[in-house]
>>> print(open('query_39.cif').read())   # mmCIF, C-alpha atoms
data_run
loop_
_atom_site.group_PDB
_atom_site.id
_atom_site.type_symbol
_atom_site.label_atom_id
_atom_site.label_comp_id
_atom_site.auth_asym_id
_atom_site.auth_seq_id
_atom_site.Cartn_x
_atom_site.Cartn_y
_atom_site.Cartn_z
ATOM 1 C CA MET A 19 0.000 0.000 0.000
ATOM 2 C CA ASN A 20 1.149 3.534 -0.758
ATOM 3 C CA PRO A 21 2.404 4.876 2.603
ATOM 4 C CA PHE A 22 1.033 8.363 1.855
ATOM 5 C CA LYS A 23 -2.425 6.909 1.274
ATOM 6 C CA ALA A 24 -2.200 5.036 4.599
ATOM 7 C CA LEU A 25 -1.213 8.249 6.395
ATOM 8 C CA ASP A 26 -4.060 10.153 4.762
ATOM 9 C CA ASP A 27 -6.503 7.444 5.808
ATOM 10 C CA MET A 28 -5.214 7.587 9.376
ATOM 11 C CA ARG A 29 -5.798 11.346 9.506
ATOM 12 C CA THR A 30 -9.326 10.916 8.114
ATOM 13 C CA ILE A 31 -10.118 8.124 10.573
ATOM 14 C CA LYS A 32 -8.860 10.171 13.512
ATOM 15 C CA GLN A 33 -10.906 13.222 12.531
ATOM 16 C CA LEU A 34 -14.002 11.143 11.729
ATOM 17 C CA LEU A 35 -14.012 9.350 15.080
ATOM 18 C CA THR A 36 -12.970 12.241 17.333
ATOM 19 C CA ASP A 37 -15.565 14.551 15.744
ATOM 20 C CA ALA A 38 -18.262 11.847 16.007
ATOM 21 C CA GLU A 39 -17.511 11.540 19.712
ATOM 22 C CA ARG A 40 -17.540 15.311 20.226
ATOM 23 C CA ILE A 41 -20.857 15.664 18.350
ATOM 24 C CA ALA A 42 -22.409 12.805 20.345
ATOM 25 C CA ARG A 43 -21.383 14.395 23.654
ATOM 26 C CA GLU A 44 -22.673 17.812 22.557
ATOM 27 C CA MET A 45 -25.999 16.070 21.951
ATOM 28 C CA GLY A 46 -25.942 14.409 25.382
ATOM 29 C CA GLU A 47 -24.889 10.905 24.281
ATOM 30 C CA GLU A 48 -22.038 9.057 25.965
ATOM 31 C CA GLU A 49 -20.989 7.182 22.832
ATOM 32 C CA PRO A 50 -21.449 8.017 19.172
ATOM 33 C CA GLY A 51 -23.974 6.176 17.026
ATOM 34 C CA ALA A 52 -24.130 5.975 13.220
ATOM 35 C CA GLU A 53 -26.067 9.282 13.208
ATOM 36 C CA HIS A 54 -23.126 11.080 14.858
ATOM 37 C CA LEU A 55 -20.677 9.388 12.480
ATOM 38 C CA LEU A 56 -22.777 10.684 9.583
ATOM 39 C CA LEU A 57 -22.704 14.235 10.993
ATOM 40 C CA SER A 58 -18.956 13.917 11.464
ATOM 41 C CA ALA A 59 -18.516 12.699 7.851
ATOM 42 C CA ILE A 60 -20.484 15.723 6.589
ATOM 43 C CA GLY A 61 -17.917 17.951 8.294
ATOM 44 C CA LEU A 62 -14.862 16.236 6.763
ATOM 45 C CA PRO A 63 -12.711 18.533 4.605
ATOM 46 C CA ASP A 64 -12.976 16.260 1.516
ATOM 47 C CA GLY A 65 -16.576 17.546 1.179
ATOM 48 C CA SER A 66 -17.885 14.379 -0.468
ATOM 49 C CA ALA A 67 -20.340 13.479 2.306
ATOM 50 C CA ALA A 68 -21.765 17.005 2.427
ATOM 51 C CA ARG A 69 -22.231 16.996 -1.380
ATOM 52 C CA ALA A 70 -23.855 13.523 -1.394
ATOM 53 C CA CYS A 71 -26.287 14.618 1.323
ATOM 54 C CA ALA A 72 -26.982 17.940 -0.419
ATOM 55 C CA ALA A 73 -27.929 15.965 -3.542
ATOM 56 C CA VAL A 74 -30.920 14.568 -1.605
ATOM 57 C CA GLY A 75 -31.664 17.865 0.159
ATOM 58 C CA VAL A 76 -30.034 17.084 3.495
ATOM 59 C CA ASP A 77 -27.501 18.969 5.608
ATOM 60 C CA ALA A 78 -26.209 18.689 9.173
ATOM 61 C CA GLY A 79 -28.772 21.136 10.544
ATOM 62 C CA ARG A 80 -31.699 19.146 9.154
ATOM 63 C CA ILE A 81 -30.268 15.896 10.571
ATOM 64 C CA ARG A 82 -29.837 17.428 14.014
ATOM 65 C CA ALA A 83 -33.406 18.789 13.957
ATOM 66 C CA ALA A 84 -34.775 15.406 12.813
ATOM 67 C CA LEU A 85 -32.847 13.636 15.592
ATOM 68 C CA ARG A 86 -34.526 15.885 18.176
ATOM 69 C CA GLU A 87 -37.922 15.210 16.581
ATOM 70 C CA GLU A 88 -37.239 11.462 16.615
ATOM 71 C CA GLN A 89 -36.409 11.572 20.328
ATOM 72 C CA ALA A 90 -39.513 13.655 21.133
ATOM 73 C CA GLU A 91 -41.803 11.395 19.064
ATOM 74 C CA ALA A 92 -40.392 8.293 20.804
ATOM 75 C CA LEU A 93 -41.509 9.731 24.149
ATOM 76 C CA VAL A 94 -44.871 10.932 22.782
ATOM 77 C CA SER A 95 -45.497 7.399 21.471
ATOM 78 C CA VAL A 96 -45.463 6.019 25.026
ATOM 79 C CA GLY A 97 -47.717 8.720 26.424
ATOM 80 C CA VAL A 98 -45.417 11.592 27.459
ATOM 81 C CA PRO A 99 -47.235 14.902 26.756
ATOM 82 C CA ARG A 100 -45.768 16.549 23.638
ATOM 83 C CA GLU A 101 -44.587 19.725 25.362
ATOM 84 C CA GLN A 102 -42.654 17.732 27.984
ATOM 85 C CA ALA A 103 -41.338 15.291 25.367
ATOM 86 C CA GLU A 104 -39.965 18.164 23.286
ATOM 87 C CA ALA A 105 -38.304 19.743 26.320
ATOM 88 C CA MET A 106 -36.748 16.382 27.238
ATOM 89 C CA ALA A 107 -35.516 15.902 23.667
ATOM 90 C CA ASP A 108 -33.431 19.070 23.841
ATOM 91 C CA PRO A 109 -29.807 18.032 24.044
ATOM 92 C CA ALA A 110 -28.138 18.193 27.464
ATOM 93 C CA PRO A 111 -24.461 18.440 26.469
ATOM 94 C CA LEU A 112 -22.037 16.245 28.394
ATOM 95 C CA GLY A 113 -18.917 18.337 27.906
ATOM 96 C CA PRO A 114 -15.662 16.920 26.580
ATOM 97 C CA ALA A 115 -14.741 13.387 27.637
ATOM 98 C CA GLY A 116 -12.370 13.661 30.583
ATOM 99 C CA ALA A 117 -11.026 10.143 30.198
ATOM 100 C CA PRO A 118 -9.439 9.057 26.896
ATOM 101 C CA LEU A 119 -12.612 7.657 25.371
ATOM 102 C CA LEU A 120 -11.272 8.075 21.839
ATOM 103 C CA TYR A 121 -12.749 5.516 19.471
ATOM 104 C CA GLY A 122 -15.283 4.337 22.058
ATOM 105 C CA ALA A 123 -17.978 4.245 19.405
ATOM 106 C CA GLY A 124 -21.302 2.486 19.897
ATOM 107 C CA PRO A 125 -22.303 -0.586 17.854
ATOM 108 C CA SER A 126 -24.139 1.269 15.051
ATOM 109 C CA ALA A 127 -21.210 3.681 14.548
ATOM 110 C CA ARG A 128 -18.775 0.737 14.496
ATOM 111 C CA GLU A 129 -20.903 -1.063 11.925
ATOM 112 C CA ALA A 130 -21.042 2.013 9.639
ATOM 113 C CA PHE A 131 -17.345 2.788 10.132
ATOM 114 C CA GLN A 132 -16.271 -0.774 9.310
ATOM 115 C CA ALA A 133 -18.527 -0.935 6.239
ATOM 116 C CA ALA A 134 -17.120 2.418 5.006
ATOM 117 C CA GLY A 135 -13.561 1.139 5.443
ATOM 118 C CA THR A 136 -14.330 -2.112 3.631
ATOM 119 C CA MET A 137 -15.887 -0.156 0.754
ATOM 120 C CA ALA A 138 -12.859 2.140 0.439
ATOM 121 C CA ARG A 139 -10.383 -0.758 0.571
ATOM 122 C CA SER A 140 -12.208 -2.886 -1.996
ATOM 123 C CA ALA A 141 -12.364 0.106 -4.399
ATOM 124 C CA LYS A 142 -8.685 0.927 -3.594
ATOM 125 C CA GLN A 143 -9.763 4.474 -2.679
ATOM 126 C CA ARG A 144 -8.730 6.781 0.133
ATOM 127 C CA LEU A 145 -11.361 6.804 2.861
ATOM 128 C CA ALA A 146 -13.759 9.716 2.247
ATOM 129 C CA GLY A 147 -16.913 11.041 3.875
ATOM 130 C CA ALA A 148 -19.023 9.625 1.030
ATOM 131 C CA HIS A 149 -17.952 6.079 2.034
ATOM 132 C CA VAL A 150 -19.592 6.724 5.416
ATOM 133 C CA VAL A 151 -22.727 8.092 3.721
ATOM 134 C CA ALA A 152 -22.915 5.017 1.455
ATOM 135 C CA ALA A 153 -22.462 2.729 4.490
ATOM 136 C CA VAL A 154 -25.109 4.553 6.550
ATOM 137 C CA ALA A 155 -27.536 4.445 3.610
ATOM 138 C CA GLU A 156 -27.287 0.629 3.691
ATOM 139 C CA MET A 157 -28.512 0.467 7.314
ATOM 140 C CA GLU A 158 -32.122 -0.614 7.211
ATOM 141 C CA ARG A 159 -33.024 -0.164 10.879
ATOM 142 C CA GLY A 160 -32.051 2.043 13.783
ATOM 143 C CA THR A 161 -32.033 5.717 14.636
ATOM 144 C CA THR A 162 -30.243 6.857 11.466
ATOM 145 C CA ALA A 163 -32.616 4.956 9.156
ATOM 146 C CA ARG A 164 -35.588 6.408 11.052
ATOM 147 C CA VAL A 165 -34.193 9.923 10.899
ATOM 148 C CA LEU A 166 -33.554 9.647 7.140
ATOM 149 C CA HIS A 167 -37.114 8.397 6.688
ATOM 150 C CA ARG A 168 -38.406 11.253 8.869
ATOM 151 C CA MET A 169 -36.672 13.739 6.520
ATOM 152 C CA GLY A 170 -38.260 12.031 3.515
ATOM 153 C CA VAL A 171 -34.895 10.764 2.274
ATOM 154 C CA ASP A 172 -34.858 7.617 0.152
ATOM 155 C CA ARG A 173 -31.865 5.549 1.368
ATOM 156 C CA VAL A 174 -31.314 4.107 -2.123
ATOM 157 C CA GLN A 175 -31.075 7.616 -3.599
ATOM 158 C CA LEU A 176 -28.717 8.693 -0.825
ATOM 159 C CA GLY A 177 -26.513 5.647 -1.475
ATOM 160 C CA ASP A 178 -26.515 6.418 -5.214
ATOM 161 C CA ALA A 179 -25.527 10.049 -4.529
ATOM 162 C CA ALA A 180 -22.651 8.867 -2.320
ATOM 163 C CA ARG A 181 -21.454 6.377 -4.952
ATOM 164 C CA ALA A 182 -21.629 9.094 -7.639
ATOM 165 C CA GLU A 183 -19.380 11.274 -5.448
ATOM 166 C CA LEU A 184 -16.932 8.405 -5.039
ATOM 167 C CA ALA A 185 -16.923 7.628 -8.767
ATOM 168 C CA ALA A 186 -15.993 11.266 -9.465
ATOM 169 C CA ARG A 187 -12.906 11.082 -7.215
ATOM 170 C CA MET B 2 -50.199 5.078 31.611
ATOM 171 C CA VAL B 3 -47.364 3.983 29.359
ATOM 172 C CA THR B 4 -48.304 1.834 26.404
ATOM 173 C CA ALA B 5 -45.809 0.507 23.890
ATOM 174 C CA PRO B 6 -46.566 1.023 20.191
ATOM 175 C CA GLU B 7 -47.715 -2.137 18.339
ATOM 176 C CA ASP B 8 -45.237 -1.770 15.477
ATOM 177 C CA PRO B 9 -41.909 -3.315 16.594
ATOM 178 C CA ALA B 10 -39.787 -0.600 14.929
ATOM 179 C CA ALA B 11 -41.775 2.132 16.697
ATOM 180 C CA ALA B 12 -41.682 0.179 19.988
ATOM 181 C CA ILE B 13 -37.886 -0.205 19.788
ATOM 182 C CA ALA B 14 -37.515 3.502 18.924
ATOM 183 C CA ALA B 15 -39.599 4.254 22.034
ATOM 184 C CA VAL B 16 -37.295 2.041 24.129
ATOM 185 C CA ILE B 17 -34.266 3.975 22.831
ATOM 186 C CA GLY B 18 -35.970 7.276 23.682
ATOM 187 C CA LEU B 19 -36.831 6.089 27.195
ATOM 188 C CA ARG B 20 -33.319 4.707 27.761
ATOM 189 C CA ARG B 21 -31.809 8.021 26.668
ATOM 190 C CA LEU B 22 -34.165 9.870 29.009
ATOM 191 C CA ALA B 23 -33.377 7.458 31.878
ATOM 192 C CA ASP B 24 -29.618 7.949 31.331
ATOM 193 C CA ARG B 25 -30.069 11.705 31.446
ATOM 194 C CA MET B 26 -32.201 11.544 34.607
ATOM 195 C CA GLU B 27 -29.619 9.246 36.229
ATOM 196 C CA ARG B 28 -26.758 11.650 35.442
ATOM 197 C CA GLU B 29 -28.685 14.640 36.832
ATOM 198 C CA ALA B 30 -29.840 12.761 39.958
ATOM 199 C CA VAL B 31 -26.329 11.484 40.744
ATOM 200 C CA GLU B 32 -24.918 15.004 40.349
ATOM 201 C CA ARG B 33 -27.482 16.310 42.842
ATOM 202 C CA ALA B 34 -26.752 13.432 45.232
ATOM 203 C CA VAL B 35 -23.007 14.187 45.122
ATOM 204 C CA ASP B 36 -23.744 17.895 45.699
ATOM 205 C CA ASP B 37 -25.843 16.853 48.716
ATOM 206 C CA GLY B 38 -22.850 14.941 50.138
ATOM 207 C CA TRP B 39 -23.837 11.330 49.325
ATOM 208 C CA THR B 40 -20.991 8.792 49.291
ATOM 209 C CA TRP B 41 -20.385 6.525 46.282
ATOM 210 C CA GLN B 42 -21.554 3.619 48.459
ATOM 211 C CA GLN B 43 -24.911 5.366 49.048
ATOM 212 C CA ILE B 44 -25.282 6.276 45.366
ATOM 213 C CA ALA B 45 -24.493 2.683 44.357
ATOM 214 C CA GLN B 46 -27.058 1.319 46.845
ATOM 215 C CA ALA B 47 -29.716 3.691 45.554
ATOM 216 C CA LEU B 48 -29.001 2.781 41.933
ATOM 217 C CA GLY B 49 -28.866 -0.949 42.727
ATOM 218 C CA VAL B 50 -25.385 -1.387 41.287
ATOM 219 C CA THR B 51 -21.937 -2.010 42.769
ATOM 220 C CA ARG B 52 -19.904 0.901 44.081
ATOM 221 C CA GLN B 53 -17.352 0.233 41.321
ATOM 222 C CA ALA B 54 -20.058 0.355 38.626
ATOM 223 C CA ALA B 55 -21.490 3.651 39.937
ATOM 224 C CA HIS B 56 -18.018 5.163 40.180
ATOM 225 C CA LYS B 57 -17.008 3.982 36.708
ATOM 226 C CA ARG B 58 -20.179 5.408 35.179
ATOM 227 C CA HIS B 59 -20.206 8.811 36.853
ATOM 228 C CA ALA B 60 -16.958 9.769 38.603
ATOM 229 C CA ALA B 61 -14.971 11.026 35.580
ATOM 230 C CA ARG B 62 -17.842 13.235 34.404
ATOM 231 C CA LEU B 63 -18.303 14.716 37.882
ATOM 232 C CA ARG B 64 -14.559 15.394 38.170
ATOM 233 C CA ASP B 65 -14.699 17.217 34.816
ATOM 234 C CA ARG B 66 -17.723 19.179 35.950
ATOM 235 C CA GLY B 67 -15.753 20.245 39.048
ATOM 236 C CA ARG B 68 -12.836 21.328 36.862
ATOM 237 C CA ARG B 69 -15.099 23.320 34.556
ATOM 238 C CA THR B 70 -16.788 25.030 37.536
ATOM 239 C CA GLU B 71 -13.389 26.022 38.924
ATOM 240 C CA ASP B 72 -12.280 27.517 35.566
#
>>> encode(input="query_39.cif", output="structure tokens")
Amino acid sequence: MNPFKALDDMRTIKQLLTDAERIAREMGEEEPGAEHLLLSAIGLPDGSAARACAAVGVDAGRIRAALREEQAEALVSVGVPREQAEAMADPAPLGPAGAPLLYGAGPSAREAFQAAGTMARSAKQRLAGAHVVAAVAEMERGTTARVLHRMGVDRVQLGDAARAELAAR
Amino acid sequence: MVTAPEDPAAAIAAVIGLRRLADRMEREAVERAVDDGWTWQQIAQALGVTRQAAHKRHAARLRDRGRRTED
């Protein structure tokens, strides 16, 4: 393997995972899920994830808003009054991790991260944000799939947009 | 009265929402208990977990909170 490519990938991986953890904690979660990995990918400097999402009308702000709605609706569905549910769904930030929790991702984030890496390796490409978007778009269940559905995003179209970004690299 | 949605996907989403809410309530309650002078043994008893488990789950965050307050 080209050592420069490996170094580039290591930088991307570090940024992807540290940002996912920071975003999760800002949103009151102790460990990142696939939804936080997606938000982190959108912020990567290669821009491919942001462009793939924009192609289906999605940006980080919309995802964050839909995540809050998802949390509120979950509580409403078991009988919590809407006003209280919405107040409870507001993020309660945890602050930076004091202990070195780096790479302590939750199962859904691990699944998406591993699938993105596998995709990049099999295509002999440098890891890019669009690999994460393509991996997340494959996830049929879970918070991220529900949030995409809530925003009216077709996962197949999102996956196609991510693959188009990767083909253009 | 809490009733779970019939659809399994909606019911599981509700479980995630409740778990997230329970985690948040636990963090806030433990912070108040520490402020009120509870020991880790008392917090662990109240939570129904071992002292080590309570400490592992909450101590680092509370230390950080202390540091941020001092800043």
>>> closest_residue(input="query_39.cif", among="A:Gly46, A:Thr161, A:Gly113, A:Cys71", to="B:Val16", atoms="only C-alpha atoms")
A:Thr161
>>> interface_residues(input="query_39.cif", of="chain A", to="chain B", cutoff="9 Å", atoms="all atoms listed in the file", output="list in words")
Gly46, Glu47, Glu88, Gln89, Ala90, Glu91, Ala92, Leu93, Val94, Ser95, Val96, Gly97, Val98, Met106, Ala107, Ala110, Leu112, Gly113, Pro114, Ala115, Gly116, Ala117, Arg159, Gly160, Thr161 and Arg164 of chain A
>>> atom_distance(input="query_39.cif", atom1="atom CA of B:Val31", atom2="atom CA of A:Pro50")
22.4 Å
>>> atom_distance(input="query_39.cif", atom1="atom CA of A:Met137", atom2="atom CA of A:Glu44")
29.1 Å
>>> resolve_selection(input="query_39.cif", expression="the PyMOL selection byres ((chain A and resi 57) around 9)", output="list in words")
Asp37, Ala38, Ile41, Ala52, Glu53, His54, Leu55, Leu56, Ser58, Ala59, Ile60, Gly61, Asp77, Ala78, Ile81 and Arg82 of chain A
>>> write_last_selection(input="query_39.cif", atoms="C-alpha atoms", output="tab-separated table (two decimals), in the coordinates of the input")
chain	number	residue	atom	x	y	z
A	37	ASP	CA	-15.56	14.55	15.74
A	38	ALA	CA	-18.26	11.85	16.01
A	41	ILE	CA	-20.86	15.66	18.35
A	52	ALA	CA	-24.13	5.98	13.22
A	53	GLU	CA	-26.07	9.28	13.21
A	54	HIS	CA	-23.13	11.08	14.86
A	55	LEU	CA	-20.68	9.39	12.48
A	56	LEU	CA	-22.78	10.68	9.58
A	58	SER	CA	-18.96	13.92	11.46
A	59	ALA	CA	-18.52	12.70	7.85
A	60	ILE	CA	-20.48	15.72	6.59
A	61	GLY	CA	-17.92	17.95	8.29
A	77	ASP	CA	-27.50	18.97	5.61
A	78	ALA	CA	-26.21	18.69	9.17
A	81	ILE	CA	-30.27	15.90	10.57
A	82	ARG	CA	-29.84	17.43	14.01
>>> residues_around(input="query_39.cif", residues="A:Asp27", least_positions_apart="3", cutoff="7 Å", atoms="only C-alpha atoms", output="PyMOL selection string")
chain A and resi 23-24+30-31+144-145
>>> write_last_selection(input="query_39.cif", atoms="C-alpha atoms", output="PDB file, in the coordinates of the input")
ATOM      1  CA  LYS A  23      -2.425   6.909   1.274  1.00  0.00           C
ATOM      2  CA  ALA A  24      -2.200   5.036   4.599  1.00  0.00           C
ATOM      3  CA  THR A  30      -9.326  10.916   8.114  1.00  0.00           C
ATOM      4  CA  ILE A  31     -10.118   8.124  10.573  1.00  0.00           C
ATOM      5  CA  ARG A 144      -8.730   6.781   0.133  1.00  0.00           C
ATOM      6  CA  LEU A 145     -11.361   6.804   2.861  1.00  0.00           C
TER       7      LEU A 145
END
>>> residues_around(input="query_39.cif", residues="A:Ala146", least_positions_apart="2", cutoff="12 Å", atoms="only C-alpha atoms", output="PyMOL selection string")
chain A and resi 23+26-31+33-34+56+58-70+131+134-139+141-144+148-153+180-181+183-185+187
>>> residues_around(input="query_39.cif", residues="B:Gln46", least_positions_apart="6", cutoff="10 Å", atoms="all atoms listed in the file", output="PDB file with C-alpha atoms, keeping the file's coordinate frame")
ATOM      1  CA  THR B  40     -20.991   8.792  49.291  1.00  0.00           C
ATOM      2  CA  ARG B  52     -19.904   0.901  44.081  1.00  0.00           C
ATOM      3  CA  ALA B  55     -21.490   3.651  39.937  1.00  0.00           C
TER       4      ALA B  55
END
>>> atom_distance(input="query_39.cif", atom1="atom CA of B:Glu32", atom2="atom CA of A:Glu39")
22.2 Å
>>> resolve_selection(input="query_39.cif", expression="the PyMOL selection byres ((chain A and resi 166) around 10)", output="PDB file with C-alpha atoms, in the frame of the given file")
ATOM      1  CA  GLU A  53     -26.067   9.282  13.208  1.00  0.00           C
ATOM      2  CA  VAL A  76     -30.034  17.084   3.495  1.00  0.00           C
ATOM      3  CA  ARG A  80     -31.699  19.146   9.154  1.00  0.00           C
ATOM      4  CA  ILE A  81     -30.268  15.896  10.571  1.00  0.00           C
ATOM      5  CA  ALA A  84     -34.775  15.406  12.813  1.00  0.00           C
ATOM      6  CA  LEU A  85     -32.847  13.636  15.592  1.00  0.00           C
ATOM      7  CA  VAL A 154     -25.109   4.553   6.550  1.00  0.00           C
ATOM      8  CA  ALA A 155     -27.536   4.445   3.610  1.00  0.00           C
ATOM      9  CA  THR A 161     -32.033   5.717  14.636  1.00  0.00           C
ATOM     10  CA  THR A 162     -30.243   6.857  11.466  1.00  0.00           C
ATOM     11  CA  ALA A 163     -32.616   4.956   9.156  1.00  0.00           C
ATOM     12  CA  ARG A 164     -35.588   6.408  11.052  1.00  0.00           C
ATOM     13  CA  VAL A 165     -34.193   9.923  10.899  1.00  0.00           C
ATOM     14  CA  HIS A 167     -37.114   8.397   6.688  1.00  0.00           C
ATOM     15  CA  ARG A 168     -38.406  11.253   8.869  1.00  0.00           C
ATOM     16  CA  MET A 169     -36.672  13.739   6.520  1.00  0.00           C
ATOM     17  CA  GLY A 170     -38.260  12.031   3.515  1.00  0.00           C
ATOM     18  CA  VAL A 171     -34.895  10.764   2.274  1.00  0.00           C
ATOM     19  CA  ASP A 172     -34.858   7.617   0.152  1.00  0.00           C
ATOM     20  CA  ARG A 173     -31.865   5.549   1.368  1.00  0.00           C
ATOM     21  CA  LEU A 176     -28.717   8.693  -0.825  1.00  0.00           C
TER      22      LEU A 176
END
>>> closest_residue(input="query_39.cif", among="A:Pro109, A:Pro99, A:Gly147, A:Gly79", to="A:Met45", atoms="all atoms listed in the file")
A:Pro109
>>> axis_aligned_box(input="query_39.cif", around="stretch 65-82 of chain A", padding_each_side="4 Å", output="AutoDock Vina command-line options")
--center_x -24.1 --center_y 17.3 --center_z 5.2 --size_x 23.1 --size_y 15.7 --size_z 25.6
>>> closest_residue(input="query_39.cif", among="A:Ala72, A:Ala42, A:Glu48, A:Phe22", to="A:Ala179", atoms="all atoms listed in the file")
A:Ala72
>>> resolve_selection(input="query_39.cif", expression="the PyMOL selection byres ((chain B and resi 48) around 12)", output="ChimeraX atom specification")
/B:23-24,26-28,30-31,34,41-47,49-56,58-59
>>> closest_residue(input="query_39.cif", among="A:Gly51, A:Leu35, A:Arg86, A:Asp178", to="A:Ala127", atoms="all atoms listed in the file")
A:Gly51
